[in-house]
Amino acid sequence: MAETGEAGMSDAVGTPGSTTPKCLAFAHTDALDSTLAEFVAQRLNEGLEERGAATLVVSGGSTPLGFFRCLADIELPWPRIQIVLADERWVPIDHPDSNEGQLRRIFPISALASLLSLRGEASTPEQQVIHLNEQLRDSAPFDLVILGMGNDAHTASLFPDAPQLQTGLDLATTAACLLIDPPAAPHQRISMTLARLLKAKQIVVHITGEEKAKVLQSAWRADSPHQYPIGAILRQQLTPVCVFCDRLVQLAT
């Protein structure tokens, strides 16, 4: 493992007000996945020691699959840990595109006992968003948020050119979730807002591959969150951010 400056895993924890996210680079995705899982377990255990409970926000897609498997193999008091997804497609849980379905295929039943389902039981996505906002708006900060990024620089389901992006990026909103209509991706989505994602003790951006590394660097340089929504995560100074990647990412001030 290397960093932009040599450091161990404990140094991945940043501090509010930092101007540049810490970046941890790994030679192999296996090492990235296992180290990230250990880091997550460490942060969850800290939350459990402090409050007797902890909350983890994760993202779907192919990138976190290895990390999920490593985390599922770690012995944790899962019934005291609530897992929440950063976003979800409005499809049945047994649909192959369901993020929740992905979790249910990997994690043991005990790990999902306290899962907060974004898909839920509502008959419409509009009703589900109302229900989620009631549950999440006044809840405690998340212990840890793990975000991915698409090749178009979207994170969670905050897509460039989505008609709801302005609302999703508005730090003044009291909404925890909103409905998103992606312009170039299948399925309507429910996504956490930027404001709710930042209500966390730590954010990790987890990416792999040369193309995404280049997109992340472009997002940092451009400082244009409507073109590169991930930039709103990278550039904010409210919540510490650390990037876990399978190659070195240069984020220069």
# chains A, B, ... in the order shown; residues from 1 in each chain; ligands from 1
$ select_by_dssp --residues "segment 8-176 of chain A" --states "alpha helix (DSSP H)" --output "PyMOL selection string"
chain A and resi 29-51+65-72+99-106+125-136+165-169
$ closest_atom_pairs --of "segment 6-113 of chain A" --to "segment 208-212 of chain A" --cutoff "12 Å" --atoms "only C-alpha atoms" --output "JSON lines"
{"residue": "A:Leu24", "atom": "CA", "partner": "A:Thr208", "partner_atom": "CA", "distance": 11.7}
{"residue": "A:Ala25", "atom": "CA", "partner": "A:Thr208", "partner_atom": "CA", "distance": 9.9}
{"residue": "A:Phe26", "atom": "CA", "partner": "A:Thr208", "partner_atom": "CA", "distance": 9.8}
{"residue": "A:Ala27", "atom": "CA", "partner": "A:Thr208", "partner_atom": "CA", "distance": 10.9}
{"residue": "A:His28", "atom": "CA", "partner": "A:Thr208", "partner_atom": "CA", "distance": 9.8}
{"residue": "A:Thr29", "atom": "CA", "partner": "A:Thr208", "partner_atom": "CA", "distance": 7.7}
{"residue": "A:Asp30", "atom": "CA", "partner": "A:Thr208", "partner_atom": "CA", "distance": 11.3}
{"residue": "A:Leu32", "atom": "CA", "partner": "A:Thr208", "partner_atom": "CA", "distance": 9.3}
{"residue": "A:Asp33", "atom": "CA", "partner": "A:Thr208", "partner_atom": "CA", "distance": 10.5}
{"residue": "A:Gly61", "atom": "CA", "partner": "A:Thr208", "partner_atom": "CA", "distance": 11.8}
{"residue": "A:Ser62", "atom": "CA", "partner": "A:Thr208", "partner_atom": "CA", "distance": 10.0}
{"residue": "A:Thr63", "atom": "CA", "partner": "A:Thr208", "partner_atom": "CA", "distance": 6.8}
{"residue": "A:Pro64", "atom": "CA", "partner": "A:Thr208", "partner_atom": "CA", "distance": 9.4}
{"residue": "A:Leu65", "atom": "CA", "partner": "A:Thr208", "partner_atom": "CA", "distance": 11.8}
{"residue": "A:Gly66", "atom": "CA", "partner": "A:Thr208", "partner_atom": "CA", "distance": 11.5}
{"residue": "A:Phe67", "atom": "CA", "partner": "A:Thr208", "partner_atom": "CA", "distance": 11.8}
$ write_last_selection --atoms "N, CA and C atoms" --output "mmCIF file, in the first residue's frame"
data_model
loop_
_atom_site.group_PDB
_atom_site.id
_atom_site.type_symbol
_atom_site.label_atom_id
_atom_site.label_comp_id
_atom_site.auth_asym_id
_atom_site.auth_seq_id
_atom_site.Cartn_x
_atom_site.Cartn_y
_atom_site.Cartn_z
ATOM 1 N N LEU A 24 -5.140 6.502 -0.684
ATOM 2 C CA LEU A 24 -4.414 5.271 -0.436
ATOM 3 C C LEU A 24 -4.448 4.429 -1.703
ATOM 4 N N ALA A 25 -3.267 4.032 -2.189
ATOM 5 C CA ALA A 25 -3.151 3.262 -3.430
ATOM 6 C C ALA A 25 -2.663 1.860 -3.112
ATOM 7 N N PHE A 26 -3.198 0.868 -3.817
ATOM 8 C CA PHE A 26 -2.856 -0.529 -3.600
ATOM 9 C C PHE A 26 -2.447 -1.159 -4.927
ATOM 10 N N ALA A 27 -1.465 -2.056 -4.863
ATOM 11 C CA ALA A 27 -0.966 -2.698 -6.078
ATOM 12 C C ALA A 27 -1.968 -3.702 -6.642
ATOM 13 N N HIS A 28 -2.802 -4.268 -5.784
ATOM 14 C CA HIS A 28 -3.756 -5.292 -6.221
ATOM 15 C C HIS A 28 -5.116 -5.023 -5.581
ATOM 16 N N THR A 29 -6.167 -5.347 -6.309
ATOM 17 C CA THR A 29 -7.508 -5.133 -5.778
ATOM 18 C C THR A 29 -7.779 -6.021 -4.562
ATOM 19 N N ASP A 30 -7.159 -7.200 -4.499
ATOM 20 C CA ASP A 30 -7.348 -8.066 -3.331
ATOM 21 C C ASP A 30 -6.867 -7.364 -2.067
ATOM 22 N N LEU A 32 -6.572 -4.105 -1.695
ATOM 23 C CA LEU A 32 -7.477 -2.983 -1.475
ATOM 24 C C LEU A 32 -8.722 -3.459 -0.737
ATOM 25 N N ASP A 33 -9.334 -4.535 -1.243
ATOM 26 C CA ASP A 33 -10.583 -5.030 -0.662
ATOM 27 C C ASP A 33 -10.401 -5.448 0.791
ATOM 28 N N GLY A 61 -23.031 -1.835 -7.278
ATOM 29 C CA GLY A 61 -22.161 -1.930 -8.450
ATOM 30 C C GLY A 61 -21.158 -3.057 -8.324
ATOM 31 N N SER A 62 -20.287 -3.166 -9.321
ATOM 32 C CA SER A 62 -19.315 -4.264 -9.342
ATOM 33 C C SER A 62 -18.076 -3.981 -8.506
ATOM 34 N N THR A 63 -17.692 -2.713 -8.356
ATOM 35 C CA THR A 63 -16.457 -2.388 -7.644
ATOM 36 C C THR A 63 -16.423 -2.918 -6.215
ATOM 37 N N PRO A 64 -17.495 -2.795 -5.419
ATOM 38 C CA PRO A 64 -17.384 -3.205 -4.015
ATOM 39 C C PRO A 64 -17.580 -4.696 -3.742
ATOM 40 N N LEU A 65 -17.756 -5.532 -4.767
ATOM 41 C CA LEU A 65 -18.079 -6.933 -4.508
ATOM 42 C C LEU A 65 -17.012 -7.632 -3.680
ATOM 43 N N GLY A 66 -15.740 -7.454 -4.052
ATOM 44 C CA GLY A 66 -14.660 -8.092 -3.296
ATOM 45 C C GLY A 66 -14.580 -7.553 -1.880
ATOM 46 N N PHE A 67 -14.741 -6.258 -1.728
ATOM 47 C CA PHE A 67 -14.758 -5.646 -0.403
ATOM 48 C C PHE A 67 -15.907 -6.202 0.431
#
$ residues_around --residues "Gly60 of chain A" --least-positions-apart "2" --cutoff "9 Å" --atoms "only C-alpha atoms" --output "PyMOL selection string"
chain A and resi 58+62-65+85-88+98-100+102-103+147-148+156
$ write_last_selection --atoms "N, CA and C atoms" --output "compact mmCIF listing (two decimals), in the first residue's frame"
# COMPACT_ATOMS: atom_id res chain seq x y z
N VAL A 58 -23.25 1.97 2.31
CA VAL A 58 -22.48 1.37 1.23
C VAL A 58 -23.14 1.66 -0.11
N SER A 62 -20.29 -3.17 -9.32
CA SER A 62 -19.32 -4.26 -9.34
C SER A 62 -18.08 -3.98 -8.51
N THR A 63 -17.69 -2.71 -8.36
CA THR A 63 -16.46 -2.39 -7.64
C THR A 63 -16.42 -2.92 -6.22
N PRO A 64 -17.50 -2.79 -5.42
CA PRO A 64 -17.38 -3.21 -4.02
C PRO A 64 -17.58 -4.70 -3.74
N LEU A 65 -17.76 -5.53 -4.77
CA LEU A 65 -18.08 -6.93 -4.51
C LEU A 65 -17.01 -7.63 -3.68
N LEU A 85 -28.00 1.66 2.17
CA LEU A 85 -27.44 1.90 0.84
C LEU A 85 -27.49 3.39 0.53
N ALA A 86 -26.46 3.86 -0.16
CA ALA A 86 -26.43 5.27 -0.57
C ALA A 86 -27.47 5.57 -1.63
N ASP A 87 -27.82 4.54 -2.42
CA ASP A 87 -28.84 4.71 -3.45
C ASP A 87 -29.38 3.35 -3.85
N GLU A 88 -30.50 3.37 -4.52
CA GLU A 88 -31.14 2.12 -4.94
C GLU A 88 -31.95 2.36 -6.20
N SER A 98 -30.82 -4.85 -8.51
CA SER A 98 -31.10 -4.34 -7.17
C SER A 98 -29.83 -4.31 -6.32
N ASN A 99 -29.49 -3.16 -5.76
CA ASN A 99 -28.35 -3.07 -4.86
C ASN A 99 -28.59 -3.85 -3.58
N GLU A 100 -29.82 -3.78 -3.07
CA GLU A 100 -30.13 -4.55 -1.86
C GLU A 100 -30.03 -6.05 -2.13
N GLN A 102 -28.05 -7.45 -4.14
CA GLN A 102 -26.61 -7.75 -4.15
C GLN A 102 -26.10 -7.98 -2.73
N LEU A 103 -26.50 -7.11 -1.81
CA LEU A 103 -26.09 -7.29 -0.42
C LEU A 103 -26.60 -8.61 0.15
N LEU A 147 -18.56 5.35 -0.75
CA LEU A 147 -19.13 5.76 -2.03
C LEU A 147 -18.30 5.24 -3.19
N GLY A 148 -18.97 4.86 -4.25
CA GLY A 148 -18.29 4.55 -5.50
C GLY A 148 -18.41 5.74 -6.44
N ALA A 156 -23.34 7.88 -5.56
CA ALA A 156 -24.69 7.52 -5.18
C ALA A 156 -25.48 7.49 -6.49
$ residues_around --residues "Ala111 of chain A" --least-positions-apart "2" --cutoff "7 Å" --atoms "only C-alpha atoms" --output "number ranges by chain"
A: 78-79, 107-109, 113
$ closest_residue --among "A:Val243, A:Leu76, A:Leu197, A:Ala232" --to "Phe159 of chain A" --atoms "only C-alpha atoms"
A:Ala232
$ select_by_dssp --residues "segment 2-238 of chain A" --states "strand (DSSP E)" --output "count of residues only"
36
$ residues_around --residues "segment 172-176 of chain A" --least-positions-apart "5" --cutoff "6 Å" --atoms "only C-alpha atoms" --output "list in words"
Asn133, Arg137, Met192, Thr193 and Arg196 of chain A
$ write_last_selection --atoms "C-alpha atoms" --output "short mmCIF file (atom, residue, chain, number, x, y, z; two decimals), in the first residue's frame"
data_model
loop_
_atom_site.label_atom_id
_atom_site.label_comp_id
_atom_site.auth_asym_id
_atom_site.auth_seq_id
_atom_site.Cartn_x
_atom_site.Cartn_y
_atom_site.Cartn_z
CA ASN A 133 -37.02 11.19 4.82
CA ARG A 137 -33.76 13.34 8.46
CA MET A 192 -29.31 10.06 -0.59
CA THR A 193 -28.71 13.77 -0.93
CA ARG A 196 -27.27 13.60 4.22
#
$ closest_residue --among "A:Leu171, A:Val204, A:Val241, A:Val84" --to "Ser117 of chain A" --atoms "only C-alpha atoms"
A:Val84
$ closest_residue --among "A:Ala153, A:Leu144, A:Val215, A:Ile203" --to "Gln42 of chain A" --atoms "only C-alpha atoms"
A:Leu144
$ residues_around --residues "Tyr228 of chain A" --least-positions-apart "2" --cutoff "10 Å" --atoms "only C-alpha atoms" --output "ChimeraX atom specification"
/A:149,151-155,158-161,215-216,218-220,222-226,230-233
$ atom_distance --atom1 "atom CA of Pro186 of chain A" --atom2 "atom CA of Phe244 of chain A"
27.1 Å
$ residues_around --residues "segment 181-183 of chain A" --least-positions-apart "6" --cutoff "8 Å" --atoms "only C-alpha atoms" --output "tab-separated table (two decimals) with N, CA and C atoms, in the first residue's frame"
chain	number	residue	atom	x	y	z
A	157	SER	N	-26.64	8.14	-6.56
A	157	SER	CA	-27.30	8.29	-7.87
A	157	SER	C	-27.44	9.76	-8.23
A	159	PHE	N	-26.44	11.99	-10.64
A	159	PHE	CA	-25.91	11.91	-12.00
A	159	PHE	C	-25.77	13.30	-12.62
A	161	ASP	N	-26.40	16.04	-15.22
A	161	ASP	CA	-27.53	16.32	-16.11
A	161	ASP	C	-28.86	15.74	-15.64
A	162	ALA	N	-28.88	15.05	-14.50
A	162	ALA	CA	-30.17	14.61	-13.96
A	162	ALA	C	-30.98	15.84	-13.57
A	163	PRO	N	-32.27	15.87	-13.86
A	163	PRO	CA	-33.07	17.06	-13.54
A	163	PRO	C	-33.12	17.39	-12.06
A	164	GLN	N	-32.88	16.41	-11.21
A	164	GLN	CA	-32.94	16.63	-9.76
A	164	GLN	C	-31.57	16.88	-9.14
A	189	ARG	N	-34.24	6.05	-9.70
A	189	ARG	CA	-33.45	5.75	-8.51
A	189	ARG	C	-33.94	6.55	-7.31
$ closest_residue --among "A:Leu234, A:Leu118, A:Ile83, A:Ala53" --to "Val145 of chain A" --atoms "only C-alpha atoms"
A:Ile83
$ closest_residue --among "A:Ile106, A:Cys177, A:Ala72, A:Cys23" --to "Leu248 of chain A" --atoms "only C-alpha atoms"
A:Cys23
$ decode --residues "segment 66-102 of chain A" --atoms "N, CA and C atoms" --output "PDB file, in the first residue's frame"
ATOM      1  N   GLY A  66     -15.740  -7.454  -4.052  1.00  0.00           N
ATOM      2  CA  GLY A  66     -14.660  -8.092  -3.296  1.00  0.00           C
ATOM      3  C   GLY A  66     -14.580  -7.553  -1.880  1.00  0.00           C
ATOM      4  N   PHE A  67     -14.741  -6.258  -1.728  1.00  0.00           N
ATOM      5  CA  PHE A  67     -14.758  -5.646  -0.403  1.00  0.00           C
ATOM      6  C   PHE A  67     -15.907  -6.202   0.431  1.00  0.00           C
ATOM      7  N   PHE A  68     -17.093  -6.330  -0.164  1.00  0.00           N
ATOM      8  CA  PHE A  68     -18.233  -6.903   0.558  1.00  0.00           C
ATOM      9  C   PHE A  68     -17.912  -8.305   1.066  1.00  0.00           C
ATOM     10  N   ARG A  69     -17.309  -9.122   0.218  1.00  0.00           N
ATOM     11  CA  ARG A  69     -16.993 -10.497   0.631  1.00  0.00           C
ATOM     12  C   ARG A  69     -15.999 -10.504   1.784  1.00  0.00           C
ATOM     13  N   CYS A  70     -15.000  -9.632   1.726  1.00  0.00           N
ATOM     14  CA  CYS A  70     -14.020  -9.557   2.816  1.00  0.00           C
ATOM     15  C   CYS A  70     -14.688  -9.090   4.109  1.00  0.00           C
ATOM     16  N   LEU A  71     -15.553  -8.086   4.016  1.00  0.00           N
ATOM     17  CA  LEU A  71     -16.226  -7.579   5.207  1.00  0.00           C
ATOM     18  C   LEU A  71     -17.168  -8.624   5.786  1.00  0.00           C
ATOM     19  N   ALA A  72     -17.851  -9.368   4.926  1.00  0.00           N
ATOM     20  CA  ALA A  72     -18.788 -10.392   5.395  1.00  0.00           C
ATOM     21  C   ALA A  72     -18.066 -11.496   6.161  1.00  0.00           C
ATOM     22  N   ASP A  73     -16.771 -11.678   5.889  1.00  0.00           N
ATOM     23  CA  ASP A  73     -15.992 -12.727   6.568  1.00  0.00           C
ATOM     24  C   ASP A  73     -15.458 -12.287   7.927  1.00  0.00           C
ATOM     25  N   ILE A  74     -15.570 -11.003   8.243  1.00  0.00           N
ATOM     26  CA  ILE A  74     -15.079 -10.497   9.528  1.00  0.00           C
ATOM     27  C   ILE A  74     -16.173 -10.658  10.582  1.00  0.00           C
ATOM     28  N   GLU A  75     -15.787 -11.178  11.736  1.00  0.00           N
ATOM     29  CA  GLU A  75     -16.753 -11.365  12.814  1.00  0.00           C
ATOM     30  C   GLU A  75     -17.049 -10.019  13.472  1.00  0.00           C
ATOM     31  N   LEU A  76     -18.281  -9.592  13.344  1.00  0.00           N
ATOM     32  CA  LEU A  76     -18.742  -8.342  13.938  1.00  0.00           C
ATOM     33  C   LEU A  76     -20.102  -8.582  14.581  1.00  0.00           C
ATOM     34  N   PRO A  77     -20.457  -7.799  15.591  1.00  0.00           N
ATOM     35  CA  PRO A  77     -21.795  -7.922  16.195  1.00  0.00           C
ATOM     36  C   PRO A  77     -22.845  -7.284  15.290  1.00  0.00           C
ATOM     37  N   TRP A  78     -23.110  -7.934  14.179  1.00  0.00           N
ATOM     38  CA  TRP A  78     -23.937  -7.355  13.128  1.00  0.00           C
ATOM     39  C   TRP A  78     -25.314  -6.864  13.580  1.00  0.00           C
ATOM     40  N   PRO A  79     -25.986  -7.544  14.507  1.00  0.00           N
ATOM     41  CA  PRO A  79     -27.311  -7.032  14.899  1.00  0.00           C
ATOM     42  C   PRO A  79     -27.279  -5.615  15.466  1.00  0.00           C
ATOM     43  N   ARG A  80     -26.093  -5.149  15.895  1.00  0.00           N
ATOM     44  CA  ARG A  80     -25.977  -3.786  16.423  1.00  0.00           C
ATOM     45  C   ARG A  80     -25.445  -2.804  15.385  1.00  0.00           C
ATOM     46  N   ILE A  81     -25.309  -3.281  14.152  1.00  0.00           N
ATOM     47  CA  ILE A  81     -24.804  -2.447  13.067  1.00  0.00           C
ATOM     48  C   ILE A  81     -25.896  -2.294  12.008  1.00  0.00           C
ATOM     49  N   GLN A  82     -26.248  -1.074  11.704  1.00  0.00           N
ATOM     50  CA  GLN A  82     -27.248  -0.836  10.661  1.00  0.00           C
ATOM     51  C   GLN A  82     -26.543  -0.524   9.341  1.00  0.00           C
ATOM     52  N   ILE A  83     -26.896  -1.276   8.317  1.00  0.00           N
ATOM     53  CA  ILE A  83     -26.392  -1.029   6.972  1.00  0.00           C
ATOM     54  C   ILE A  83     -27.465  -0.283   6.185  1.00  0.00           C
ATOM     55  N   VAL A  84     -27.038   0.730   5.447  1.00  0.00           N
ATOM     56  CA  VAL A  84     -27.929   1.510   4.595  1.00  0.00           C
ATOM     57  C   VAL A  84     -27.245   1.675   3.240  1.00  0.00           C
ATOM     58  N   LEU A  85     -27.997   1.655   2.166  1.00  0.00           N
ATOM     59  CA  LEU A  85     -27.445   1.901   0.844  1.00  0.00           C
ATOM     60  C   LEU A  85     -27.487   3.394   0.527  1.00  0.00           C
ATOM     61  N   ALA A  86     -26.458   3.864  -0.162  1.00  0.00           N
ATOM     62  CA  ALA A  86     -26.426   5.270  -0.566  1.00  0.00           C
ATOM     63  C   ALA A  86     -27.466   5.565  -1.634  1.00  0.00           C
ATOM     64  N   ASP A  87     -27.824   4.538  -2.416  1.00  0.00           N
ATOM     65  CA  ASP A  87     -28.840   4.709  -3.454  1.00  0.00           C
ATOM     66  C   ASP A  87     -29.380   3.350  -3.846  1.00  0.00           C
ATOM     67  N   GLU A  88     -30.502   3.368  -4.518  1.00  0.00           N
ATOM     68  CA  GLU A  88     -31.136   2.122  -4.943  1.00  0.00           C
ATOM     69  C   GLU A  88     -31.952   2.357  -6.202  1.00  0.00           C
ATOM     70  N   ARG A  89     -31.940   1.380  -7.073  1.00  0.00           N
ATOM     71  CA  ARG A  89     -32.793   1.416  -8.264  1.00  0.00           C
ATOM     72  C   ARG A  89     -34.207   1.000  -7.873  1.00  0.00           C
ATOM     73  N   TRP A  90     -35.207   1.608  -8.502  1.00  0.00           N
ATOM     74  CA  TRP A  90     -36.591   1.271  -8.182  1.00  0.00           C
ATOM     75  C   TRP A  90     -36.978   0.006  -8.950  1.00  0.00           C
ATOM     76  N   VAL A  91     -36.464  -1.115  -8.466  1.00  0.00           N
ATOM     77  CA  VAL A  91     -36.749  -2.439  -9.024  1.00  0.00           C
ATOM     78  C   VAL A  91     -37.004  -3.371  -7.848  1.00  0.00           C
ATOM     79  N   PRO A  92     -37.647  -4.506  -8.078  1.00  0.00           N
ATOM     80  CA  PRO A  92     -37.826  -5.476  -6.991  1.00  0.00           C
ATOM     81  C   PRO A  92     -36.472  -5.953  -6.449  1.00  0.00           C
ATOM     82  N   ILE A  93     -36.448  -6.346  -5.191  1.00  0.00           N
ATOM     83  CA  ILE A  93     -35.200  -6.759  -4.558  1.00  0.00           C
ATOM     84  C   ILE A  93     -34.601  -7.980  -5.244  1.00  0.00           C
ATOM     85  N   ASP A  94     -35.431  -8.823  -5.852  1.00  0.00           N
ATOM     86  CA  ASP A  94     -34.903 -10.004  -6.531  1.00  0.00           C
ATOM     87  C   ASP A  94     -34.483  -9.705  -7.976  1.00  0.00           C
ATOM     88  N   HIS A  95     -34.579  -8.445  -8.391  1.00  0.00           N
ATOM     89  CA  HIS A  95     -34.127  -8.057  -9.732  1.00  0.00           C
ATOM     90  C   HIS A  95     -32.594  -8.036  -9.753  1.00  0.00           C
ATOM     91  N   PRO A  96     -31.965  -8.474 -10.848  1.00  0.00           N
ATOM     92  CA  PRO A  96     -30.494  -8.492 -10.889  1.00  0.00           C
ATOM     93  C   PRO A  96     -29.846  -7.121 -10.720  1.00  0.00           C
ATOM     94  N   ASP A  97     -30.578  -6.034 -10.945  1.00  0.00           N
ATOM     95  CA  ASP A  97     -30.006  -4.698 -10.794  1.00  0.00           C
ATOM     96  C   ASP A  97     -30.214  -4.100  -9.409  1.00  0.00           C
ATOM     97  N   SER A  98     -30.825  -4.855  -8.509  1.00  0.00           N
ATOM     98  CA  SER A  98     -31.099  -4.335  -7.174  1.00  0.00           C
ATOM     99  C   SER A  98     -29.827  -4.310  -6.322  1.00  0.00           C
ATOM    100  N   ASN A  99     -29.494  -3.157  -5.765  1.00  0.00           N
ATOM    101  CA  ASN A  99     -28.349  -3.069  -4.863  1.00  0.00           C
ATOM    102  C   ASN A  99     -28.593  -3.852  -3.575  1.00  0.00           C
ATOM    103  N   GLU A 100     -29.815  -3.784  -3.074  1.00  0.00           N
ATOM    104  CA  GLU A 100     -30.134  -4.551  -1.859  1.00  0.00           C
ATOM    105  C   GLU A 100     -30.029  -6.049  -2.126  1.00  0.00           C
ATOM    106  N   GLY A 101     -30.496  -6.469  -3.285  1.00  0.00           N
ATOM    107  CA  GLY A 101     -30.379  -7.881  -3.634  1.00  0.00           C
ATOM    108  C   GLY A 101     -28.929  -8.331  -3.657  1.00  0.00           C
ATOM    109  N   GLN A 102     -28.046  -7.454  -4.136  1.00  0.00           N
ATOM    110  CA  GLN A 102     -26.611  -7.749  -4.147  1.00  0.00           C
ATOM    111  C   GLN A 102     -26.103  -7.980  -2.729  1.00  0.00           C
TER     112      GLN A 102
END
